[in-house]
$ cat model.txt   # compact mmCIF, C-alpha atoms
# COMPACT_ATOMS: atom_id res chain seq x y z
CA MET A 60 62.57 -91.13 190.58
CA ALA A 61 60.66 -87.93 189.79
CA VAL A 62 57.76 -89.91 188.34
CA ARG A 63 57.57 -91.94 191.56
CA GLN A 64 57.50 -88.76 193.66
CA GLY A 65 54.29 -87.75 191.90
CA TYR A 66 55.52 -84.63 190.13
CA GLU A 67 53.68 -83.35 187.09
CA LEU A 68 56.56 -83.63 184.68
CA SER A 69 57.75 -82.21 181.43
CA ALA A 70 61.03 -83.47 179.97
CA LEU A 71 63.35 -81.14 178.11
CA THR A 72 66.10 -82.35 175.80
CA VAL A 73 68.55 -79.85 174.44
CA HIS A 74 70.20 -80.72 171.15
CA TYR A 75 73.10 -78.31 171.31
CA GLY A 76 75.15 -79.17 168.29
CA GLN A 77 77.17 -81.89 169.93
CA ALA A 78 78.95 -84.39 167.74
CA HIS A 79 75.99 -86.70 167.32
CA SER A 80 72.29 -86.87 168.06
CA ARG A 81 72.29 -90.43 169.34
CA GLU A 82 71.63 -89.25 172.89
CA VAL A 83 68.63 -87.20 171.72
CA ASP A 84 67.07 -90.34 170.25
CA SER A 85 67.75 -92.12 173.51
CA ALA A 86 66.14 -89.36 175.56
CA ARG A 87 63.05 -89.58 173.36
CA ALA A 88 62.86 -93.32 173.91
CA VAL A 89 63.27 -92.93 177.69
CA ALA A 90 60.52 -90.27 177.93
CA SER A 91 58.24 -92.39 175.79
CA ALA A 92 58.84 -95.48 177.95
CA LEU A 93 57.95 -93.41 181.05
CA GLY A 94 54.90 -91.83 179.39
CA ILE A 95 55.93 -88.23 180.08
CA GLN A 96 55.73 -85.13 177.88
CA HIS A 97 58.95 -84.46 176.08
CA ARG A 98 60.18 -81.39 174.30
CA VAL A 99 63.35 -81.24 172.19
CA VAL A 100 64.84 -77.84 171.45
CA ASN A 101 67.47 -77.49 168.77
CA VAL A 102 70.05 -74.97 169.89
CA SER A 103 72.78 -75.77 167.42
CA PHE A 104 73.81 -72.09 167.43
CA PHE A 105 75.29 -72.85 170.87
CA ARG A 106 78.04 -74.85 169.18
CA ASP A 107 79.37 -71.62 167.65
CA LEU A 108 79.45 -69.82 170.99
CA ALA A 109 80.77 -72.66 173.17
CA TRP A 110 83.21 -73.62 170.47
CA TYR A 111 86.22 -74.64 172.58
CA SER A 112 85.28 -78.27 173.22
CA ALA A 113 85.78 -81.68 171.66
CA LEU A 114 82.04 -82.28 171.98
CA THR A 115 81.02 -79.21 169.95
CA HIS A 116 84.01 -79.29 167.56
CA PRO A 117 85.13 -82.93 167.23
CA GLU A 118 86.99 -82.09 164.01
CA GLU A 119 89.31 -79.76 165.92
CA PHE A 120 89.92 -81.66 169.14
CA ARG A 121 90.63 -85.34 169.73
CA LEU A 122 88.49 -87.15 172.28
CA PRO A 123 90.68 -88.33 175.14
CA GLN A 124 91.11 -92.11 175.17
CA ASP A 125 91.90 -94.24 178.21
CA ARG A 126 92.30 -91.06 180.19
CA ALA A 127 92.89 -91.22 183.94
CA PRO A 128 89.92 -89.51 185.58
CA ALA A 129 90.78 -86.84 188.18
CA ALA A 130 93.32 -85.00 186.04
CA ASP A 131 92.48 -81.52 184.76
CA ILE A 132 89.03 -80.78 183.42
CA PRO A 133 89.17 -82.50 180.01
CA ILE A 134 88.59 -81.03 176.57
CA THR A 135 85.13 -82.65 176.54
CA TYR A 136 84.02 -79.88 178.92
CA VAL A 137 81.55 -77.66 177.02
CA PRO A 138 81.74 -74.02 178.20
CA LEU A 139 78.84 -73.20 180.52
CA ARG A 140 76.76 -76.06 179.17
CA ASN A 141 74.87 -76.91 182.33
CA THR A 142 74.31 -73.24 183.17
CA PHE A 143 72.79 -72.92 179.71
CA PHE A 144 70.65 -76.07 180.04
CA LEU A 145 69.41 -75.07 183.47
CA THR A 146 68.47 -71.59 182.27
CA LEU A 147 66.44 -73.03 179.39
CA ALA A 148 64.60 -75.41 181.71
CA ALA A 149 63.98 -72.59 184.18
CA ALA A 150 62.62 -70.22 181.51
CA PHE A 151 60.09 -72.84 180.42
CA LEU A 152 59.22 -73.75 184.00
CA GLU A 153 58.77 -70.10 184.96
CA SER A 154 56.47 -69.50 181.98
CA GLU A 155 54.27 -72.42 183.01
CA ALA A 156 54.27 -71.32 186.64
CA LEU A 157 53.47 -67.65 185.92
CA SER A 158 50.63 -68.73 183.68
CA ARG A 159 49.08 -70.85 186.44
CA ILE A 160 49.50 -68.08 189.01
CA GLU A 161 48.35 -65.12 186.92
CA ARG A 162 45.71 -66.80 184.78
CA GLY A 163 44.72 -69.74 186.93
CA GLY A 164 44.82 -68.15 190.35
CA VAL A 165 47.09 -70.90 191.67
CA ARG A 166 48.99 -69.72 194.75
CA GLU A 167 50.83 -72.81 195.89
CA LEU A 168 53.23 -74.47 193.58
CA SER A 169 56.79 -75.64 193.51
CA ALA A 170 59.18 -75.00 190.66
CA THR A 171 61.49 -77.96 190.57
CA ILE A 172 64.08 -78.97 188.01
CA PHE A 173 65.52 -82.47 188.08
CA VAL A 174 69.04 -82.81 186.70
CA ALA A 175 70.93 -86.09 186.56
CA ALA A 176 74.32 -84.50 187.20
CA ASN A 177 76.83 -86.69 188.98
CA ALA A 178 79.98 -85.68 190.80
CA ILE A 179 81.32 -89.16 191.59
CA ASP A 180 83.03 -91.33 188.98
CA TYR A 181 82.84 -88.38 186.60
CA SER A 182 85.09 -86.38 184.35
CA GLY A 183 85.69 -83.46 186.70
CA TYR A 184 83.20 -81.06 185.15
CA PRO A 185 82.70 -78.02 187.39
CA ASP A 186 79.02 -77.73 186.50
CA CYS A 187 78.23 -81.16 187.91
CA ARG A 188 79.05 -80.23 191.51
CA PRO A 189 76.57 -79.38 194.30
CA GLU A 190 78.12 -75.91 194.90
CA PHE A 191 77.38 -74.98 191.32
CA TYR A 192 73.70 -75.92 191.67
CA ARG A 193 73.44 -74.07 194.99
CA ALA A 194 74.72 -70.89 193.34
CA ALA A 195 72.54 -71.40 190.28
CA VAL A 196 69.22 -71.61 192.17
CA GLU A 197 70.05 -68.32 193.87
CA THR A 198 70.74 -66.68 190.50
CA LEU A 199 67.46 -68.07 189.14
CA ARG A 200 65.54 -66.79 192.16
CA LEU A 201 67.02 -63.28 191.95
CA GLY A 202 66.65 -63.07 188.17
CA SER A 203 63.01 -64.17 187.97
CA LYS A 204 59.55 -62.76 188.55
CA LEU A 205 58.61 -66.09 190.14
CA GLY A 206 61.33 -65.73 192.77
CA THR A 207 61.17 -62.01 193.44
CA GLN A 208 57.51 -61.06 193.00
CA TYR A 209 55.86 -64.32 194.10
CA GLY A 210 58.50 -65.56 196.51
CA ILE A 211 58.59 -68.99 194.89
CA PRO A 212 62.19 -70.19 194.63
CA PHE A 213 63.47 -72.54 191.99
CA GLU A 214 64.55 -75.86 193.35
CA VAL A 215 67.07 -78.07 191.59
CA GLN A 216 67.03 -81.73 192.53
CA THR A 217 70.15 -83.70 191.68
CA PRO A 218 69.29 -87.11 193.16
CA LEU A 219 72.27 -88.80 191.50
CA ILE A 220 74.92 -86.23 192.31
CA ASP A 221 76.55 -88.08 195.21
CA LYS A 222 75.98 -91.61 193.94
CA SER A 223 78.63 -93.84 192.47
CA LYS A 224 77.90 -95.19 189.01
CA ALA A 225 77.25 -98.58 190.63
CA GLY A 226 74.80 -96.90 193.02
CA ILE A 227 73.02 -95.27 190.08
CA VAL A 228 72.68 -98.63 188.33
CA ARG A 229 71.19 -100.14 191.48
CA LEU A 230 68.74 -97.24 191.89
CA ALA A 231 67.73 -97.55 188.25
CA VAL A 232 67.10 -101.27 188.54
CA GLU A 233 65.03 -100.77 191.72
CA ALA A 234 62.97 -98.02 190.07
CA GLY A 235 62.43 -100.08 186.93
CA ALA A 236 64.05 -97.38 184.79
CA PRO A 237 64.30 -98.15 181.07
CA LEU A 238 68.09 -98.62 181.15
CA GLU A 239 68.00 -100.36 177.77
CA HIS A 240 67.17 -96.99 176.15
CA THR A 241 69.95 -95.00 177.83
CA TRP A 242 73.12 -93.84 176.11
CA SER A 243 76.45 -92.74 177.59
CA CYS A 244 79.02 -92.95 174.78
CA TYR A 245 80.59 -89.74 173.47
CA GLU A 246 80.75 -91.26 170.01
CA GLY A 247 77.61 -91.49 167.92
CA GLY A 248 77.94 -95.02 166.58
CA GLU A 249 75.36 -97.74 166.33
CA ARG A 250 76.79 -99.23 169.51
CA PRO A 251 78.85 -97.67 172.33
CA CYS A 252 82.58 -97.42 171.51
CA GLY A 253 83.61 -98.91 174.87
CA ARG A 254 86.75 -96.78 175.07
CA CYS A 255 85.81 -93.15 175.84
CA ASP A 256 85.67 -91.77 179.41
CA SER A 257 81.95 -92.10 179.48
CA CYS A 258 81.81 -95.71 178.28
CA GLN A 259 84.46 -96.71 180.77
CA LEU A 260 82.66 -95.09 183.69
CA ARG A 261 79.41 -96.75 182.65
CA ALA A 262 81.01 -100.19 182.31
CA LYS A 263 82.65 -99.84 185.73
CA GLY A 264 79.26 -98.95 187.25
CA PHE A 265 77.44 -101.95 185.81
CA ALA A 266 80.31 -104.26 186.73
CA GLU A 267 80.42 -103.07 190.34
CA ALA A 268 76.65 -103.36 190.64
CA GLY A 269 76.85 -106.88 189.25
CA VAL A 270 74.23 -106.09 186.63
CA PRO A 271 74.58 -106.69 182.88
CA ASP A 272 74.20 -103.52 180.80
CA PRO A 273 70.93 -104.00 178.88
CA ALA A 274 72.06 -101.46 176.27
CA LEU A 275 74.83 -103.86 175.23
CA THR A 276 72.65 -106.88 174.71
CA MET B 7 82.54 -46.71 177.59
CA ALA B 8 84.10 -50.15 177.10
CA VAL B 9 85.85 -49.01 173.91
CA ARG B 10 87.35 -46.08 175.81
CA GLN B 11 88.62 -48.39 178.56
CA GLY B 12 90.74 -50.18 175.97
CA TYR B 13 89.08 -53.58 176.09
CA GLU B 14 89.42 -55.93 173.15
CA LEU B 15 85.72 -56.22 172.40
CA SER B 16 83.28 -58.51 170.73
CA ALA B 17 79.61 -57.52 170.63
CA LEU B 18 76.88 -60.14 170.92
CA THR B 19 73.29 -59.52 169.89
CA VAL B 20 70.71 -62.12 170.72
CA HIS B 21 67.68 -62.25 168.48
CA TYR B 22 65.39 -64.21 170.73
CA GLY B 23 62.10 -64.21 168.91
CA GLN B 24 60.84 -60.94 170.30
CA ALA B 25 58.05 -59.17 168.47
CA HIS B 26 60.29 -57.37 166.02
CA SER B 27 63.89 -57.27 164.88
CA ARG B 28 64.19 -53.49 164.77
CA GLU B 29 66.51 -53.51 167.79
CA VAL B 30 68.78 -56.07 166.11
CA ASP B 31 69.22 -53.73 163.15
CA SER B 32 69.98 -50.92 165.57
CA ALA B 33 72.58 -53.00 167.41
CA ARG B 34 74.27 -53.77 164.09
CA ALA B 35 74.39 -50.06 163.26
CA VAL B 36 75.81 -49.18 166.69
CA ALA B 37 78.56 -51.83 166.48
CA SER B 38 79.43 -50.73 162.98
CA ALA B 39 79.63 -47.07 164.04
CA LEU B 40 82.02 -48.08 166.85
CA GLY B 41 84.08 -50.34 164.61
CA ILE B 42 83.78 -53.43 166.81
CA GLN B 43 83.20 -57.07 165.91
CA HIS B 44 79.56 -58.03 166.13
CA ARG B 45 77.89 -61.40 166.24
CA VAL B 46 74.14 -61.97 166.01
CA VAL B 47 72.77 -65.29 167.20
CA ASN B 48 69.25 -66.28 166.33
CA VAL B 49 67.69 -68.08 169.26
CA SER B 50 64.06 -67.89 168.22
CA PHE B 51 63.47 -71.27 169.89
CA PHE B 52 63.67 -69.33 173.18
CA ARG B 53 60.31 -67.76 172.39
CA ASP B 54 58.70 -71.19 172.81
CA LEU B 55 60.31 -71.79 176.18
CA ALA B 56 59.93 -68.30 177.67
CA TRP B 57 56.43 -68.06 176.25
CA TYR B 58 54.67 -66.17 179.04
CA SER B 59 55.51 -62.62 177.96
CA ALA B 60 54.07 -59.86 175.80
CA LEU B 61 57.48 -59.52 174.14
CA THR B 62 57.67 -63.13 173.00
CA HIS B 63 53.92 -63.58 172.39
CA PRO B 64 52.49 -60.19 171.44
CA GLU B 65 49.45 -61.88 169.91
CA GLU B 66 48.46 -63.27 173.31
CA PHE B 67 49.25 -60.38 175.63
CA ARG B 68 48.60 -56.66 175.23
CA LEU B 69 51.51 -54.30 175.76
CA PRO B 70 50.80 -52.10 178.76
CA GLN B 71 50.16 -48.47 177.74
CA ASP B 72 50.67 -45.41 179.92
CA ARG B 73 51.46 -47.71 182.79
CA ALA B 74 52.66 -46.29 186.09
CA PRO B 75 56.17 -47.63 186.64
CA ALA B 76 56.83 -49.23 190.06
CA ALA B 77 53.76 -51.44 190.04
CA ASP B 78 54.20 -55.21 189.73
CA ILE B 79 56.71 -56.62 187.28
CA PRO B 80 54.88 -56.11 183.96
CA ILE B 81 53.92 -58.66 181.33
CA THR B 82 56.83 -57.43 179.20
CA TYR B 83 59.12 -59.37 181.56
CA VAL B 84 60.61 -62.28 179.57
CA PRO B 85 61.28 -65.29 181.82
CA LEU B 86 64.98 -65.55 182.66
CA ARG B 87 65.96 -63.49 179.64
CA ASN B 88 69.02 -61.79 181.10
CA THR B 89 70.20 -65.02 182.73
CA PHE B 90 69.97 -66.59 179.29
CA PHE B 91 71.75 -63.68 177.54
CA LEU B 92 74.51 -63.61 180.13
CA THR B 93 75.07 -67.36 179.84
CA LEU B 94 75.42 -67.11 176.06
CA ALA B 95 77.92 -64.27 176.34
CA ALA B 96 79.85 -66.16 179.02
CA ALA B 97 80.01 -69.37 176.96
CA PHE B 98 81.52 -67.47 174.03
CA LEU B 99 83.86 -65.52 176.28
CA GLU B 100 85.01 -68.69 178.06
CA SER B 101 85.73 -70.40 174.74
CA GLU B 102 87.89 -67.49 173.61
CA ALA B 103 89.67 -67.36 176.97
CA LEU B 104 90.35 -71.11 177.20
CA SER B 105 91.72 -71.04 173.68
CA ARG B 106 94.19 -68.29 174.56
CA ILE B 107 95.24 -70.03 177.77
CA GLU B 108 95.53 -73.59 176.48
CA ARG B 109 96.72 -72.91 172.94
CA GLY B 110 98.35 -69.51 173.29
CA GLY B 111 100.00 -69.89 176.66
CA VAL B 112 98.37 -66.69 177.92
CA ARG B 113 98.20 -66.65 181.73
CA GLU B 114 96.86 -63.23 182.54
CA LEU B 115 93.53 -62.20 181.19
CA SER B 116 90.26 -60.84 182.40
CA ALA B 117 86.88 -62.17 181.36
CA THR B 118 84.55 -59.22 181.40
CA ILE B 119 80.99 -58.90 180.14
CA PHE B 120 79.47 -55.46 179.71
CA VAL B 121 75.70 -55.30 180.09
CA ALA B 122 73.68 -52.11 179.76
CA ALA B 123 71.12 -53.10 182.39
CA ASN B 124 69.57 -50.27 184.29
CA ALA B 125 67.70 -50.36 187.59
CA ILE B 126 66.59 -46.71 187.73
CA ASP B 127 63.68 -45.36 185.67
CA TYR B 128 63.03 -48.92 184.57
CA SER B 129 60.17 -51.36 184.41
CA GLY B 130 60.97 -53.29 187.57
CA TYR B 131 62.63 -56.29 185.92
CA PRO B 132 64.37 -58.46 188.53
CA ASP B 133 67.23 -59.34 186.18
CA CYS B 134 68.29 -55.70 185.88
CA ARG B 135 69.32 -55.34 189.52
CA PRO B 136 72.86 -55.43 190.97
CA GLU B 137 72.05 -58.35 193.31
CA PHE B 138 71.12 -60.47 190.31
CA TYR B 139 74.45 -59.79 188.59
CA ARG B 140 76.36 -60.46 191.81
CA ALA B 141 74.74 -63.89 192.09
CA ALA B 142 75.22 -64.58 188.38
CA VAL B 143 78.99 -64.05 188.34
CA GLU B 144 79.32 -66.51 191.21
CA THR B 145 77.29 -69.10 189.29
CA LEU B 146 79.44 -68.52 186.19
CA ARG B 147 82.62 -68.89 188.21
CA LEU B 148 81.51 -72.13 189.87
CA GLY B 149 80.13 -73.59 186.65
CA SER B 150 83.15 -72.94 184.45
CA LYS B 151 86.60 -74.35 183.77
CA LEU B 152 87.89 -70.78 183.58
CA GLY B 153 86.74 -70.03 187.11
CA THR B 154 87.49 -73.34 188.80
CA GLN B 155 90.60 -74.66 187.06
CA TYR B 156 92.29 -71.39 186.13
CA GLY B 157 90.97 -69.20 188.95
CA ILE B 158 89.85 -66.49 186.54
CA PRO B 159 86.46 -65.15 187.59
CA PHE B 160 83.90 -63.71 185.25
CA GLU B 161 83.31 -60.04 185.79
CA VAL B 162 80.09 -58.33 184.77
CA GLN B 163 80.26 -54.58 184.33
CA THR B 164 76.96 -52.73 184.42
CA PRO B 165 78.11 -49.11 184.12
CA LEU B 166 74.57 -47.83 183.58
CA ILE B 167 72.81 -49.77 186.32
CA ASP B 168 72.59 -46.94 188.87
CA LYS B 169 72.21 -44.07 186.41
CA SER B 170 68.99 -42.21 185.70
CA LYS B 171 67.94 -42.15 182.07
CA ALA B 172 68.99 -38.48 182.00
CA GLY B 173 72.40 -39.50 183.38
CA ILE B 174 72.74 -42.13 180.67
CA VAL B 175 71.95 -39.57 177.97
CA ARG B 176 74.60 -37.24 179.39
CA LEU B 177 77.19 -40.04 179.54
CA ALA B 178 76.39 -41.02 175.96
CA VAL B 179 76.77 -37.48 174.70
CA GLU B 180 80.12 -37.10 176.54
CA ALA B 181 81.39 -40.39 175.11
CA GLY B 182 80.24 -39.52 171.60
CA ALA B 183 78.05 -42.63 171.46
CA PRO B 184 76.02 -43.10 168.25
CA LEU B 185 72.69 -42.30 169.92
CA GLU B 186 71.06 -41.78 166.53
CA HIS B 187 71.32 -45.54 165.91
CA THR B 188 69.81 -46.63 169.22
CA TRP B 189 66.31 -48.03 169.65
CA SER B 190 64.16 -48.31 172.77
CA CYS B 191 60.58 -48.82 171.58
CA TYR B 192 58.85 -52.14 172.27
CA GLU B 193 56.97 -51.82 168.99
CA GLY B 194 58.74 -52.53 165.72
CA GLY B 195 57.54 -49.62 163.64
CA GLU B 196 59.49 -47.35 161.34
CA ARG B 197 59.57 -44.81 164.14
CA PRO B 198 59.19 -45.18 167.93
CA CYS B 199 55.55 -45.38 169.07
CA GLY B 200 56.06 -42.81 171.81
CA ARG B 201 53.57 -44.50 174.13
CA CYS B 202 55.06 -47.71 175.52
CA ASP B 203 56.94 -47.85 178.86
CA SER B 204 60.23 -47.84 177.09
CA CYS B 205 59.49 -44.83 174.85
CA GLN B 206 58.22 -42.86 177.82
CA LEU B 207 61.30 -43.58 179.92
CA ARG B 208 63.55 -42.63 177.02
CA ALA B 209 61.70 -39.37 176.35
CA LYS B 210 61.86 -38.45 180.05
CA GLY B 211 65.61 -39.05 180.03
CA PHE B 212 66.32 -36.86 177.02
CA ALA B 213 64.01 -34.14 178.35
CA GLU B 214 65.70 -34.09 181.77
CA ALA B 215 69.14 -34.03 180.18
CA GLY B 216 68.03 -31.15 177.97
CA VAL B 217 69.19 -32.96 174.85
CA PRO B 218 67.09 -33.58 171.73
CA ASP B 219 66.73 -37.29 170.86
CA PRO B 220 68.69 -37.75 167.60
CA ALA B 221 66.70 -40.89 166.80
CA LEU B 222 63.57 -38.74 166.46
CA THR B 223 65.01 -36.23 164.02

$ encode --input "model.txt" --output "structure tokens"
Amino acid sequence: MAVRQGYELSALTVHYGQAHSREVDSARAVASALGIQHRVVNVSFFRDLAWYSALTHPEEFRLPQDRAPAADIPITYVPLRNTFFLTLAAAFLESEALSRIERGGVRELSATIFVAANAIDYSGYPDCRPEFYRAAVETLRLGSKLGTQYGIPFEVQTPLIDKSKAGIVRLAVEAGAPLEHTWSCYEGGERPCGRCDSCQLRAKGFAEAGVPDPALT
Amino acid sequence: MAVRQGYELSALTVHYGQAHSREVDSARAVASALGIQHRVVNVSFFRDLAWYSALTHPEEFRLPQDRAPAADIPITYVPLRNTFFLTLAAAFLESEALSRIERGGVRELSATIFVAANAIDYSGYPDCRPEFYRAAVETLRLGSKLGTQYGIPFEVQTPLIDKSKAGIVRLAVEAGAPLEHTWSCYEGGERPCGRCDSCQLRAKGFAEAGVPDPALT
């Protein structure tokens, strides 16, 4: 969607010491299929800070199976993960923007971060909700030279946040997104496990959209 | 000050790929002198993201010398550095807190981060101001399980934020802080350079407080 809107894009993948790197490989394949710059940063130290999570310490916590969504925030929540991701993206974006302003004399630019967070058919993560992103852009504005000296706010676009998984599948098909390279499973196997929260939500989305999942074929 | 208030403390030092590691050594010495746990995380990858700064890329940018404070935010500003630091501290703090709540049955706890930011006699950094920290705690609350499921907000204490450098020196002397182990200089030499913004502000503070700087003796 961002490519279609004509943005000059740079993709950032954060490898944060989660159980497996399967989703990093998938991100690389997606960026390559779209022909956009892609940067992977390895922040495995984050696993030691945000240690209370089944995604950063799978040996200590069991992944929930066949869990009813909508209960408490599950153990797959990674402490402050999206705040962390957003800050990394913003630091890179601000560096690029300041360089263009102070060295290139550019005066008009937007500083936009696209995040594919989703607050429908999800696992109840607090950092996937619109109110979190509204607060975060204000923090980024107040904590940055870009926001305070140049008056250029950060914008966070979350085009999928209010879409059902079926709606996301339909949007992806319309946009010609490389769905075959995407990965949702919490496990890092050759193929999706089909049982974790994330696999179940994905399967439900494809089923409701009436589209076969190209990652399963 | 935090030790005196009776907090159970854990110190976090972030080595973020700045020009030198002299201040990391100093932080280690300070924590050791106070007898508190200390954790150093190496996040040198951050240098590549927050690249537009004389602190992360000294070979590209000259450090300002004898600069009049109060001008524009200087090139020593590191994009989103304090947002990044605060997020790391909060992720660790939230992990510890969730563990005590969910495994230890603890119901009452506070989640407090002490930051020595200062917005007087400083270099004009946006992420040293009270309004930044006010926005940040709201983002942390909304983006966390601790804040949203358990209703425990993050608190950020910035006891030095409205103090002059002379006031900070006086507070430190009263509290018996190990000033001899502290480091302010932007350069990484054996001894402070005496010329950078940070050295000048420090010298002014000690002079106004009428106290000799024990790090210079």

$ residues_around --input "model.txt" --residues "range 27-39 of chain B" --least-positions-apart "3" --cutoff "10 Å" --atoms "all atoms listed in the file" --output "MDAnalysis selection string"
chainID B and resid 16:24 42:46 183:197

$ closest_residue --input "model.txt" --among "B:Leu40, B:Ala221, B:Ala213, B:Leu152" --to "Val137 in chain A" --atoms "only C-alpha atoms"
B:Leu152

$ closest_atom_pairs --input "model.txt" --of "chain B" --to "chain A" --cutoff "8 Å" --atoms "only C-alpha atoms" --output "JSON lines"
{"residue": "B:Val47", "atom": "CA", "partner": "A:Phe104", "partner_atom": "CA", "distance": 6.9}
{"residue": "B:Asn48", "atom": "CA", "partner": "A:Phe104", "partner_atom": "CA", "distance": 7.5}
{"residue": "B:Val49", "atom": "CA", "partner": "A:Val102", "partner_atom": "CA", "distance": 7.3}
{"residue": "B:Phe51", "atom": "CA", "partner": "A:Val100", "partner_atom": "CA", "distance": 6.9}
{"residue": "B:Phe52", "atom": "CA", "partner": "A:Leu147", "partner_atom": "CA", "distance": 7.7}
{"residue": "B:Asp54", "atom": "CA", "partner": "A:Phe151", "partner_atom": "CA", "distance": 7.9}
{"residue": "B:Leu55", "atom": "CA", "partner": "A:Phe151", "partner_atom": "CA", "distance": 4.4}
{"residue": "B:Ala56", "atom": "CA", "partner": "A:Ala150", "partner_atom": "CA", "distance": 5.1}
{"residue": "B:Trp57", "atom": "CA", "partner": "A:Ser154", "partner_atom": "CA", "distance": 5.9}
{"residue": "B:Tyr58", "atom": "CA", "partner": "A:Ser154", "partner_atom": "CA", "distance": 4.8}
{"residue": "B:Asp78", "atom": "CA", "partner": "A:Gln208", "partner_atom": "CA", "distance": 7.5}
{"residue": "B:Ile79", "atom": "CA", "partner": "A:Lys204", "partner_atom": "CA", "distance": 6.9}
{"residue": "B:Tyr83", "atom": "CA", "partner": "A:Lys204", "partner_atom": "CA", "distance": 7.8}
{"residue": "B:Pro85", "atom": "CA", "partner": "A:Ala150", "partner_atom": "CA", "distance": 5.1}
{"residue": "B:Leu86", "atom": "CA", "partner": "A:Ala150", "partner_atom": "CA", "distance": 5.4}
{"residue": "B:Arg87", "atom": "CA", "partner": "A:Ala150", "partner_atom": "CA", "distance": 7.7}
{"residue": "B:Asn88", "atom": "CA", "partner": "A:Gly202", "partner_atom": "CA", "distance": 7.6}
{"residue": "B:Thr89", "atom": "CA", "partner": "A:Gly202", "partner_atom": "CA", "distance": 6.8}
{"residue": "B:Phe90", "atom": "CA", "partner": "A:Thr146", "partner_atom": "CA", "distance": 6.0}
{"residue": "B:Thr93", "atom": "CA", "partner": "A:Phe143", "partner_atom": "CA", "distance": 6.0}
{"residue": "B:Leu94", "atom": "CA", "partner": "A:Leu108", "partner_atom": "CA", "distance": 7.0}
{"residue": "B:Ala95", "atom": "CA", "partner": "A:Leu108", "partner_atom": "CA", "distance": 7.9}
{"residue": "B:Ala96", "atom": "CA", "partner": "A:Leu139", "partner_atom": "CA", "distance": 7.3}
{"residue": "B:Ala97", "atom": "CA", "partner": "A:Ala109", "partner_atom": "CA", "distance": 5.1}
{"residue": "B:Phe98", "atom": "CA", "partner": "A:Leu108", "partner_atom": "CA", "distance": 4.4}
{"residue": "B:Glu100", "atom": "CA", "partner": "A:Pro138", "partner_atom": "CA", "distance": 6.3}
{"residue": "B:Ser101", "atom": "CA", "partner": "A:Tyr111", "partner_atom": "CA", "distance": 4.8}
{"residue": "B:Glu102", "atom": "CA", "partner": "A:Tyr111", "partner_atom": "CA", "distance": 7.4}
{"residue": "B:Leu104", "atom": "CA", "partner": "A:Tyr111", "partner_atom": "CA", "distance": 7.1}
{"residue": "B:Ser105", "atom": "CA", "partner": "A:Tyr111", "partner_atom": "CA", "distance": 6.7}
{"residue": "B:Tyr131", "atom": "CA", "partner": "A:Lys204", "partner_atom": "CA", "distance": 7.6}
{"residue": "B:Pro132", "atom": "CA", "partner": "A:Gly202", "partner_atom": "CA", "distance": 5.2}
{"residue": "B:Asp133", "atom": "CA", "partner": "A:Gly202", "partner_atom": "CA", "distance": 4.3}
{"residue": "B:Cys134", "atom": "CA", "partner": "A:Gly202", "partner_atom": "CA", "distance": 7.9}
{"residue": "B:Glu137", "atom": "CA", "partner": "A:Leu201", "partner_atom": "CA", "distance": 7.2}
{"residue": "B:Phe138", "atom": "CA", "partner": "A:Leu201", "partner_atom": "CA", "distance": 5.2}
{"residue": "B:Ala141", "atom": "CA", "partner": "A:Thr198", "partner_atom": "CA", "distance": 5.1}
{"residue": "B:Ala142", "atom": "CA", "partner": "A:Thr198", "partner_atom": "CA", "distance": 5.4}
{"residue": "B:Glu144", "atom": "CA", "partner": "A:Ala194", "partner_atom": "CA", "distance": 6.7}
{"residue": "B:Thr145", "atom": "CA", "partner": "A:Ala194", "partner_atom": "CA", "distance": 5.1}
{"residue": "B:Leu146", "atom": "CA", "partner": "A:Leu139", "partner_atom": "CA", "distance": 7.4}
{"residue": "B:Leu148", "atom": "CA", "partner": "A:Phe191", "partner_atom": "CA", "distance": 5.2}
{"residue": "B:Gly149", "atom": "CA", "partner": "A:Asp186", "partner_atom": "CA", "distance": 4.3}
{"residue": "B:Ser150", "atom": "CA", "partner": "A:Leu139", "partner_atom": "CA", "distance": 5.8}
{"residue": "B:Lys151", "atom": "CA", "partner": "A:Pro185", "partner_atom": "CA", "distance": 6.5}
{"residue": "B:Thr154", "atom": "CA", "partner": "A:Pro185", "partner_atom": "CA", "distance": 6.8}
{"residue": "B:Gln155", "atom": "CA", "partner": "A:Ile132", "partner_atom": "CA", "distance": 7.3}

$ residues_around --input "model.txt" --residues "Phe173 in chain A" --least-positions-apart "4" --cutoff "8 Å" --atoms "only C-alpha atoms" --output "ChimeraX atom specification"
/A:61,215-218

$ closest_residue --input "model.txt" --among "A:Gly210, A:Gly65, A:Gly94, A:Pro123" --to "Cys255 in chain A" --atoms "all atoms listed in the file"
A:Pro123

$ atom_distance --input "model.txt" --atom1 "CA of Val179 in chain B" --atom2 "CA of Met7 in chain B"
11.3 Å

$ residues_around --input "model.txt" --residues "Arg176 in chain B" --least-positions-apart "6" --cutoff "9 Å" --atoms "all atoms listed in the file" --output "PyMOL selection string"
chain B and resi 212+215+217

$ closest_residue --input "model.txt" --among "A:Cys258, A:Arg121, A:Ile179, A:Glu161" --to "Ile81 in chain B" --atoms "only C-alpha atoms"
A:Glu161

$ atom_distance --input "model.txt" --atom1 "CA of Val228 in chain A" --atom2 "CA of Ile172 in chain A"
21.5 Å

$ atom_distance --input "model.txt" --atom1 "CA of Gly269 in chain A" --atom2 "CA of Leu219 in chain A"
18.8 Å
